[in-house]
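Peer 1: One structure, as structure tokens, below. Some questions next.
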Protein chains: 2
Amino acid sequence: VTPGAGPLGGSGVSYGIDIGGTKVLGVALDDADTAVAEARVRTPRGTGRIEAGDVADAVVAVVAELTTELTAALGFAQPEVAPPVGVGAPGMVDRSGHLRFAPNLPEGQGVDWTELIGARLRGHRVLIENDANFAVLAEHRLGAARGYRHVVMVTLGTGIGGGIVVDGRVEVGSAGFAGEIGHMVVDPAGPPCPCGRRGCWERFASGAGLGVRAREAALAGRLGQVVKIAGGDPESVRGEDVSAAAAAGDPEARRVIEEVGWWLGFGLANLACVLDPECFVLGGGLVHAGDPLLDSARAAFAELVEGGARRPQAAIVPAAFDERAGAVGAALAARQGGLW
Amino acid sequence: VTPGAGPLGGSGVSYGIDIGGTKVLGVALDDADTAVAEARVRTPRGTGRIEAGDVADAVVAVVAELTTELTAALGFAQPEVAPPVGVGAPGMVDRSGHLRFAPNLPEGQGVDWTELIGARLRGHRVLIENDANFAVLAEHRLGAARGYRHVVMVTLGTGIGGGIVVDGRVEVGSAGFAGEIGHMVVDPAGPPCPCGRRGCWERFASGAGLGVRAREAALAGRLGQVVKIAGGDPESVRGEDVSAAAAAGDPEARRVIEEVGWWLGFGLANLACVLDPECFVLGGGLVHAGDPLLDSARAAFAELVEGGARRPQAAIVPAAFDERAGAVGAALAARQGGLW
């Protein structure tokens with residue numbers, strides 16, 4: 001790559017940055033929709049105190065750092081045109097780019113990210129949106145949901161995020177808060193959720209949900225092999241350990257993954273009642289649990305969806321962009337100046 | 001009205017017929033959107049046997065009878081132009097007007113209503129759709145949701161039906177089955193539902209849900225006054241009795257209505273997570289329970305909706321067309337040749 005030359009002089013390139021609960025991921029997308037650079041760092045975390053200005057500043061610093069890294073990786077010290085930057089945030093982002101509510105990133109809540117990041121990234125056009133809204137744009141335009149007009153994206157990370165395509169268009173609802181599917185309550189007597197309620201779907205079917213279920217299983221004397229790998233303490237078992245053990249053939253680990261898969265399929269069946277999509281795209285780290293998760297989710301969905309055999313079968317597929325879907329969609333949206 | 005004269009000669013008039021679980025209701029709408037005639041009969045019921053052809057024939061006969069009655073009521077024996085007829089059915093109607101699945105009208109299930117009714121109503125253009133999709137069209141275009149671009153209609157009849165307006169347009173999903181909101185499962189351990197699953201929302205918050213809850217309360221020794229009115233047998237208490245008693249000030253009846261209102265608000269909060277509407281319109285017979293129901297639904301919604309005070313307050317309002325919303329929307333859609 002020649003610094004400052006040709007299409008990499010900055011025009012036609014856009015950046016997407018996805019602020020997750022555990023990591024911040026950036027990609028640069030050229031005008032042929034190819035990811036030409038990538039960078040990542042851990043999400044700065046504070047004390048979990050809500051609306052902590054210092055943590056917001058740290059997150060903005062990280063976004064600026066990734067922007068600089070992407071520019072450097074592309075080989076131009078000073079782009080001719082500062083690429084537009086899309087930034088995805090986990091939670092309820094309103095139509096003006098203000099993060100109103102974020103159970104899984106409480107310190108980022110109540111922050112006007114558009115203003116804060118815009119002030120820091122002078123020269124770049126900045127667009128802030130919910131991360132899963134960006135993810136569904138990427139998967140619908142370029143990924144696993146290409147060709148479908150009705151799509152629900154389910155990002156299985158720390159929590160569960162959602163993005164919706166209705167009749168070929170990403171839909172964000174009246175205030176921008178549609179697709180907050182992780183907080184559908186599926187059991188009013190269920191475990192408490194950081195959002196303040198009980199029994200939200202993400203308590204059962206997210207990465208965090210797997211962790212809780214895995215520790216419960218470990219404390220109940222199941223998951224012997226996984227506990228051994230985790231150093232002998234059932235409390236220190238992590239979801240990733242269970243995924244890895246299940247993939248390696250451990251039947252007890254597989255059982256736990258399948259239980260989470262059942263809850264996943266259960267929630268998809270509820271969403272099918274409301275939205276009737278042709279395709280569910282599953283993204284986020286939990287999808288790395290692979291077939292045991294997907295197969296049990298598909299089986300539960302087929303058993304539970306209203307009208308079962310009397311309706312066309314909805315596809316349930318993993319994201320083509322894996323954990324990068326949000327960042328790729330952010331770059332796409334930044335280039336076109338919005339989700340549409 | 002002079003037979004065959006002027007705008008009532010048939011042109012500009014359309015008919016809407018709503019096949020409900022207990023009654024079939026027809027309206028005639030003139031080209032100024034005024035309901036100029038109305039007719040109703042009880043829904044023919046069979047043994048509850050699924051896909052009973054004879055019952056389907058009886059329903060078609062009723063639709064034809066109502067069509068004739070509306071024509072007679074308008075004062076023209078033979079319209080110059082046979083008005084188009086929209087027919088709403090409770091359940092999953094596919095995009096070709098075939099009723100695929102109908103837990104609350106099992107005998108109408110698997111029937112190609114478009115073909116059957118079209119063959120009977122020769123000369124009339126016939127359009128078949130889910131009843132709540134018609135209802136949301138009426139309320140959005142002419143009723144309680146005028147001016148809102150994101151709307152969820154909730155018809156609280158025997159079950160719960162739903163119609164969705166996204167960004168100003170009625171949306172029916174990929175196969176036509178969107179808005180089947182009554183069959184979101186809100187408690188996996190809940191009571192069995194005619195749809196084959198357990199704990200569907202409509203088990204808790206519909207007319208049938210009120211009936212079940214009322215009989216439970218009566219059997220538990222509550223609702224003394226209502227049981228007395230019902231003839232002393234707790235098993236014969238009906239939801240309508242409880243609504244009437246609550247409206248008349250009976251505190252025990254009011255308590256039962258408020259419990260149902262809580263479940264109603266609970267489900268609306270789940271729908272807000274997914275769709276983020278500005279307005280929920282509540283229709284169907286249960287809405288006659290009035291303020292005790294609406295107030296407790298609004299309170300539960302405000303308490304339970306994700307992000308609570310950090311989001312714009314969604315309006316929760318009764319349907320302007322009351323139980324006629326489906327029929328009026330059917331007539332509107334028939335006139336324009338579809339939902340759009």
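We label chains A, B, ... in the order they appear in the structure tokens, count residues from 1 in each chain, and number ligands from 1 in the order shown.
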Taking only C-alpha atoms into account, produce a table as a tab-separated table in which each residue of chain A with an atom at most 7 Å from an atom of chain B appears once, together with its shortest atom pair and the distance in Å to one decimal, ordered by chain and rising number.

Peer 2:
```
residue	atom	partner	partner_atom	distance
A:Arg100	CA	B:Arg310	CA	6.0
A:Phe101	CA	B:Gly307	CA	5.6
A:His150	CA	B:Ser174	CA	5.9
A:Gly173	CA	B:Asp276	CA	4.8
A:Ser174	CA	B:Pro277	CA	5.6
A:Ala175	CA	B:Asp276	CA	6.9
A:Phe177	CA	B:Asp276	CA	5.7
A:Ala178	CA	B:Leu275	CA	4.6
A:Gly179	CA	B:Val274	CA	4.6
A:Glu180	CA	B:Cys273	CA	4.8
A:Ile181	CA	B:Val274	CA	5.4
A:His183	CA	B:Cys273	CA	6.5
A:Met184	CA	B:Asn270	CA	4.7
A:Val185	CA	B:Asn270	CA	6.5
A:Val186	CA	B:Val186	CA	5.0
A:Asp187	CA	B:Asp187	CA	5.1
A:Pro188	CA	B:Asp187	CA	7.0
A:Cys195	CA	B:Glu306	CA	6.9
A:Asn270	CA	B:Met184	CA	4.7
A:Cys273	CA	B:Glu180	CA	4.8
A:Val274	CA	B:Gly179	CA	4.6
A:Leu275	CA	B:Ala178	CA	4.6
A:Asp276	CA	B:Ala178	CA	4.7
A:Pro277	CA	B:Ser174	CA	5.6
A:Glu278	CA	B:Ser174	CA	6.0
A:Glu306	CA	B:Cys195	CA	7.0
A:Gly307	CA	B:Phe101	CA	5.6
A:Arg310	CA	B:Arg100	CA	6.0
```

Peer 1: Can you pull out the residues contacting stretch 145-147 of chain B? Cut-off 9 Å, using only C-alpha atoms, and skip same-chain residues under 5 positions away; I want them as a list in words.

Peer 2: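 The contact residues come out as Val136, Ala138, Glu139, His140, Met153, Gly168, Cys279, Phe280, Val281, Val317, Ala319 and Ala320 of chain B.
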
Peer 1: Go through A:Glu80, A:Glu38, A:Glu65, A:Glu216 and flag the residue nearest A:Val237, using only C-alpha atoms for the distances.

Peer 2: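 Under the stated criterion, the closest residue is A:Glu216.
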
Peer 1: Residues within 10 Å of A:Gly12, please, as a list in words. Count only C-alpha atoms; anything in the same chain fewer than 4 positions from it doesn't count.

Peer 2: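 Neighbouring residues, sequence-local ones excluded: Pro7, Leu8, Leu29, Asp30, Asp31, Ala32, Asp33, Val81, Pro83, Pro84 and Arg335 of chain A.
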
Peer 1: Now that the selection is made, can you save its residues with all heavy atoms as a CSV table (one decimal), in the first residue's frame?

Peer 2:
```csv
chain,number,residue,atom,x,y,z
A,7,PRO,N,-7.1,4.8,-4.3
A,7,PRO,CA,-8.3,4.7,-3.5
A,7,PRO,C,-8.1,4.7,-2.0
A,7,PRO,O,-8.9,4.9,-1.2
A,7,PRO,CB,-9.0,3.4,-4.0
A,7,PRO,CG,-7.9,2.6,-4.5
A,7,PRO,CD,-6.9,3.6,-5.1
A,8,LEU,N,-6.8,4.4,-1.6
A,8,LEU,CA,-6.5,4.4,-0.2
A,8,LEU,C,-6.0,5.8,0.3
A,8,LEU,O,-5.6,5.9,1.4
A,8,LEU,CB,-5.5,3.3,0.1
A,8,LEU,CG,-6.0,1.9,-0.1
A,8,LEU,CD1,-4.9,0.9,0.3
A,8,LEU,CD2,-7.2,1.7,0.8
A,29,LEU,N,-13.2,-0.3,5.8
A,29,LEU,CA,-13.8,-0.9,4.6
A,29,LEU,C,-13.5,-0.1,3.4
A,29,LEU,O,-13.7,1.2,3.4
A,29,LEU,CB,-15.3,-0.9,4.9
A,29,LEU,CG,-16.2,-2.0,4.3
A,29,LEU,CD1,-15.8,-3.4,4.9
A,29,LEU,CD2,-17.7,-1.7,4.5
A,30,ASP,N,-13.0,-0.7,2.3
A,30,ASP,CA,-12.8,0.1,1.1
A,30,ASP,C,-14.1,0.2,0.3
A,30,ASP,O,-15.1,-0.4,0.7
A,30,ASP,CB,-11.7,-0.4,0.3
A,30,ASP,CG,-11.9,-1.8,-0.4
A,30,ASP,OD1,-13.1,-2.2,-0.4
A,30,ASP,OD2,-11.0,-2.4,-0.9
A,31,ASP,N,-14.1,0.9,-0.8
A,31,ASP,CA,-15.3,1.1,-1.5
A,31,ASP,C,-15.8,-0.1,-2.3
A,31,ASP,O,-16.8,-0.1,-3.0
A,31,ASP,CB,-15.2,2.3,-2.4
A,31,ASP,CG,-14.1,2.3,-3.4
A,31,ASP,OD1,-13.4,1.2,-3.4
A,31,ASP,OD2,-13.8,3.3,-4.0
A,32,ALA,N,-15.0,-1.2,-2.2
A,32,ALA,CA,-15.5,-2.5,-2.8
A,32,ALA,C,-16.0,-3.4,-1.7
A,32,ALA,O,-16.1,-4.6,-1.8
A,32,ALA,CB,-14.4,-3.2,-3.6
A,33,ASP,N,-16.3,-2.8,-0.5
A,33,ASP,CA,-16.8,-3.5,0.7
A,33,ASP,C,-15.8,-4.6,1.2
A,33,ASP,O,-16.3,-5.5,1.8
A,33,ASP,CB,-18.1,-4.2,0.3
A,33,ASP,CG,-19.2,-3.2,0.0
A,33,ASP,OD1,-19.2,-2.1,0.5
A,33,ASP,OD2,-20.1,-3.6,-0.8
A,81,VAL,N,-8.9,12.6,2.5
A,81,VAL,CA,-10.2,12.8,3.0
A,81,VAL,C,-10.4,12.0,4.3
A,81,VAL,O,-10.1,10.8,4.3
A,81,VAL,CB,-11.3,12.3,2.0
A,81,VAL,CG1,-12.7,12.5,2.6
A,81,VAL,CG2,-11.1,13.0,0.7
A,83,PRO,N,-11.8,9.6,6.6
A,83,PRO,CA,-12.9,8.6,6.4
A,83,PRO,C,-14.0,8.8,7.4
A,83,PRO,O,-13.7,9.1,8.6
A,83,PRO,CB,-12.2,7.3,6.6
A,83,PRO,CG,-10.8,7.5,6.4
A,83,PRO,CD,-10.5,8.9,6.9
A,84,PRO,N,-15.2,8.7,7.0
A,84,PRO,CA,-16.3,8.7,8.0
A,84,PRO,C,-16.2,7.5,8.9
A,84,PRO,O,-15.7,6.5,8.5
A,84,PRO,CB,-17.6,8.6,7.1
A,84,PRO,CG,-17.1,8.1,5.8
A,84,PRO,CD,-15.7,8.4,5.6
A,335,ARG,N,-20.3,5.2,5.5
A,335,ARG,CA,-20.1,5.5,4.1
A,335,ARG,C,-21.3,6.1,3.5
A,335,ARG,O,-21.3,7.1,2.7
A,335,ARG,CB,-19.6,4.3,3.3
A,335,ARG,CG,-19.2,4.7,1.9
A,335,ARG,CD,-18.5,3.5,1.2
A,335,ARG,NE,-19.5,2.5,1.0
A,335,ARG,CZ,-19.1,1.2,0.8
A,335,ARG,NH1,-17.9,0.8,0.8
A,335,ARG,NH2,-20.0,0.3,0.5
```

Peer 1: Near stretch 289-300 of chain A, within 9 Å and counting only C-alpha atoms, which residues show up once chain neighbours fewer than 2 positions away are dropped, as an MDAnalysis selection string?

Peer 2: chainID A and resid 240 242:244 246:247 254:255 257:266 268:269 282 285:287 302:305 315:318

Peer 1: List the neighbours of B:Asp112 out to 7 Å using only C-alpha atoms; skip same-chain residues closer than 4 positions along the sequence, and give me the result as a list in words.

Peer 2: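 So the residues in contact are Gly97, His98, Leu99 and Leu116 of chain B.
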
Peer 1: How about saving the chosen residues, N, CA, C and O atoms kept, as a PDB file, in the first residue's frame?

Peer 2:
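To be explicit, this is the file written out as part_34.pdb:
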```pdb
ATOM      1  N   GLY B  97     -54.119 -15.527   1.051  1.00  0.00           N
ATOM      2  CA  GLY B  97     -55.457 -15.564   1.627  1.00  0.00           C
ATOM      3  C   GLY B  97     -55.894 -16.936   2.114  1.00  0.00           C
ATOM      4  O   GLY B  97     -57.076 -17.213   2.267  1.00  0.00           O
ATOM      5  N   HIS B  98     -54.934 -17.795   2.398  1.00  0.00           N
ATOM      6  CA  HIS B  98     -55.175 -19.138   2.903  1.00  0.00           C
ATOM      7  C   HIS B  98     -54.982 -19.077   4.424  1.00  0.00           C
ATOM      8  O   HIS B  98     -53.973 -18.560   4.882  1.00  0.00           O
ATOM      9  N   LEU B  99     -55.955 -19.562   5.198  1.00  0.00           N
ATOM     10  CA  LEU B  99     -55.818 -19.538   6.662  1.00  0.00           C
ATOM     11  C   LEU B  99     -55.021 -20.775   7.089  1.00  0.00           C
ATOM     12  O   LEU B  99     -55.527 -21.891   7.071  1.00  0.00           O
ATOM     13  N   LEU B 116     -62.730 -20.040  -1.631  1.00  0.00           N
ATOM     14  CA  LEU B 116     -64.063 -20.433  -1.179  1.00  0.00           C
ATOM     15  C   LEU B 116     -65.031 -19.245  -1.193  1.00  0.00           C
ATOM     16  O   LEU B 116     -66.143 -19.341  -1.713  1.00  0.00           O
TER      17      LEU B 116
END
```

Peer 1: At a cut-off of 7 Å, using only C-alpha atoms, what residues contact stretch 127-132 of chain B? Leave out same-chain residues fewer than 5 positions from it and give the result as a PyMOL selection string.

Peer 2: chain B and resi 18+85-93+97+113-114+155+161-163+326+334

Peer 1: As a ChimeraX atom specification, please: every residue in stretch 34-210 of chain B that a backbone DSSP assignment puts in alpha helix (DSSP H).

Peer 2: /B:53-73,113-120,131-141,202-205,207-210

Peer 1: With N, CA and C atoms retained, export the selected residues as a compact mmCIF listing (two decimals), in the first residue's frame.

Peer 2:
```txt
# COMPACT_ATOMS: atom_id res chain seq x y z
N GLY B 53 -64.83 -29.21 6.88
CA GLY B 53 -65.32 -28.57 5.67
C GLY B 53 -66.70 -27.98 5.84
N ASP B 54 -67.58 -28.70 6.58
CA ASP B 54 -68.95 -28.22 6.73
C ASP B 54 -69.00 -26.88 7.46
N VAL B 55 -68.14 -26.73 8.47
CA VAL B 55 -68.11 -25.46 9.19
C VAL B 55 -67.60 -24.36 8.28
N ALA B 56 -66.58 -24.66 7.48
CA ALA B 56 -66.07 -23.68 6.54
C ALA B 56 -67.20 -23.22 5.61
N ASP B 57 -67.99 -24.18 5.13
CA ASP B 57 -69.13 -23.83 4.27
C ASP B 57 -70.11 -22.94 5.01
N ALA B 58 -70.34 -23.25 6.29
CA ALA B 58 -71.27 -22.45 7.08
C ALA B 58 -70.74 -21.02 7.24
N VAL B 59 -69.43 -20.89 7.44
CA VAL B 59 -68.85 -19.56 7.58
C VAL B 59 -68.99 -18.79 6.27
N VAL B 60 -68.74 -19.46 5.17
CA VAL B 60 -68.89 -18.81 3.86
C VAL B 60 -70.34 -18.37 3.65
N ALA B 61 -71.26 -19.21 4.06
CA ALA B 61 -72.68 -18.86 3.93
C ALA B 61 -72.99 -17.60 4.73
N VAL B 62 -72.39 -17.50 5.92
CA VAL B 62 -72.61 -16.33 6.77
C VAL B 62 -72.02 -15.07 6.13
N VAL B 63 -70.85 -15.20 5.54
CA VAL B 63 -70.23 -14.06 4.86
C VAL B 63 -71.13 -13.60 3.71
N ALA B 64 -71.66 -14.55 2.97
CA ALA B 64 -72.56 -14.22 1.85
C ALA B 64 -73.83 -13.56 2.37
N GLU B 65 -74.34 -14.09 3.47
CA GLU B 65 -75.57 -13.54 4.07
C GLU B 65 -75.34 -12.08 4.50
N LEU B 66 -74.20 -11.83 5.15
CA LEU B 66 -73.91 -10.46 5.59
C LEU B 66 -73.74 -9.53 4.40
N THR B 67 -73.13 -10.03 3.34
CA THR B 67 -72.94 -9.22 2.14
C THR B 67 -74.31 -8.81 1.57
N THR B 68 -75.21 -9.77 1.52
CA THR B 68 -76.57 -9.50 1.02
C THR B 68 -77.28 -8.50 1.94
N GLU B 69 -77.12 -8.70 3.25
CA GLU B 69 -77.75 -7.80 4.22
C GLU B 69 -77.25 -6.37 4.08
N LEU B 70 -75.94 -6.22 3.90
CA LEU B 70 -75.37 -4.88 3.75
C LEU B 70 -75.91 -4.22 2.49
N THR B 71 -75.96 -4.98 1.42
CA THR B 71 -76.49 -4.45 0.16
C THR B 71 -77.94 -4.01 0.33
N ALA B 72 -78.72 -4.84 1.04
CA ALA B 72 -80.12 -4.51 1.28
C ALA B 72 -80.24 -3.27 2.16
N ALA B 73 -79.40 -3.20 3.18
CA ALA B 73 -79.45 -2.06 4.11
C ALA B 73 -79.13 -0.76 3.38
N TRP B 113 -59.62 -19.51 2.01
CA TRP B 113 -60.79 -18.65 2.10
C TRP B 113 -60.97 -17.81 0.85
N THR B 114 -59.86 -17.41 0.24
CA THR B 114 -59.97 -16.58 -0.95
C THR B 114 -60.74 -17.31 -2.04
N GLU B 115 -60.40 -18.58 -2.23
CA GLU B 115 -61.07 -19.37 -3.27
C GLU B 115 -62.53 -19.61 -2.88
N LEU B 116 -62.73 -20.04 -1.63
CA LEU B 116 -64.06 -20.43 -1.18
C LEU B 116 -65.03 -19.24 -1.19
N ILE B 117 -64.59 -18.13 -0.60
CA ILE B 117 -65.48 -16.96 -0.54
C ILE B 117 -65.59 -16.30 -1.91
N GLY B 118 -64.46 -16.28 -2.63
CA GLY B 118 -64.49 -15.71 -3.98
C GLY B 118 -65.49 -16.42 -4.87
N ALA B 119 -65.55 -17.77 -4.75
CA ALA B 119 -66.47 -18.54 -5.58
C ALA B 119 -67.92 -18.22 -5.22
N ARG B 120 -68.17 -17.96 -3.94
CA ARG B 120 -69.54 -17.69 -3.49
C ARG B 120 -70.00 -16.27 -3.81
N ASP B 131 -57.37 -10.63 10.76
CA ASP B 131 -58.28 -9.60 11.25
C ASP B 131 -57.57 -8.41 11.90
N ALA B 132 -56.52 -8.67 12.66
CA ALA B 132 -55.84 -7.58 13.36
C ALA B 132 -55.01 -6.72 12.40
N ASN B 133 -54.57 -7.30 11.28
CA ASN B 133 -53.89 -6.49 10.27
C ASN B 133 -54.86 -5.47 9.68
N PHE B 134 -56.11 -5.90 9.48
CA PHE B 134 -57.14 -4.96 9.04
C PHE B 134 -57.41 -3.92 10.13
N ALA B 135 -57.47 -4.39 11.38
CA ALA B 135 -57.82 -3.48 12.49
C ALA B 135 -56.78 -2.37 12.62
N VAL B 136 -55.50 -2.72 12.49
CA VAL B 136 -54.47 -1.68 12.65
C VAL B 136 -54.53 -0.70 11.49
N LEU B 137 -54.91 -1.18 10.31
CA LEU B 137 -55.06 -0.26 9.18
C LEU B 137 -56.14 0.78 9.48
N ALA B 138 -57.28 0.31 10.01
CA ALA B 138 -58.39 1.23 10.32
C ALA B 138 -57.98 2.24 11.38
N GLU B 139 -57.35 1.77 12.45
CA GLU B 139 -56.99 2.66 13.54
C GLU B 139 -55.88 3.62 13.14
N HIS B 140 -54.97 3.16 12.28
CA HIS B 140 -53.87 4.02 11.85
C HIS B 140 -54.36 5.07 10.85
N ARG B 141 -55.24 4.66 9.95
CA ARG B 141 -55.68 5.57 8.90
C ARG B 141 -56.74 6.55 9.41
N GLU B 202 -51.70 -14.78 25.43
CA GLU B 202 -53.16 -14.68 25.40
C GLU B 202 -53.83 -15.52 26.47
N ARG B 203 -53.10 -16.48 27.06
CA ARG B 203 -53.68 -17.23 28.19
C ARG B 203 -53.87 -16.31 29.40
N PHE B 204 -53.14 -15.20 29.46
CA PHE B 204 -53.15 -14.34 30.64
C PHE B 204 -53.93 -13.04 30.44
N ALA B 205 -53.96 -12.57 29.20
CA ALA B 205 -54.43 -11.19 29.02
C ALA B 205 -55.56 -11.02 28.01
N GLY B 207 -59.72 -12.06 26.56
CA GLY B 207 -61.04 -12.34 27.12
C GLY B 207 -61.08 -13.72 27.76
N ALA B 208 -60.52 -14.72 27.06
CA ALA B 208 -60.48 -16.07 27.63
C ALA B 208 -59.62 -16.09 28.89
N GLY B 209 -58.52 -15.33 28.86
CA GLY B 209 -57.64 -15.26 30.03
C GLY B 209 -58.36 -14.69 31.24
N LEU B 210 -59.16 -13.65 31.01
CA LEU B 210 -59.95 -13.07 32.11
C LEU B 210 -60.93 -14.10 32.65
```
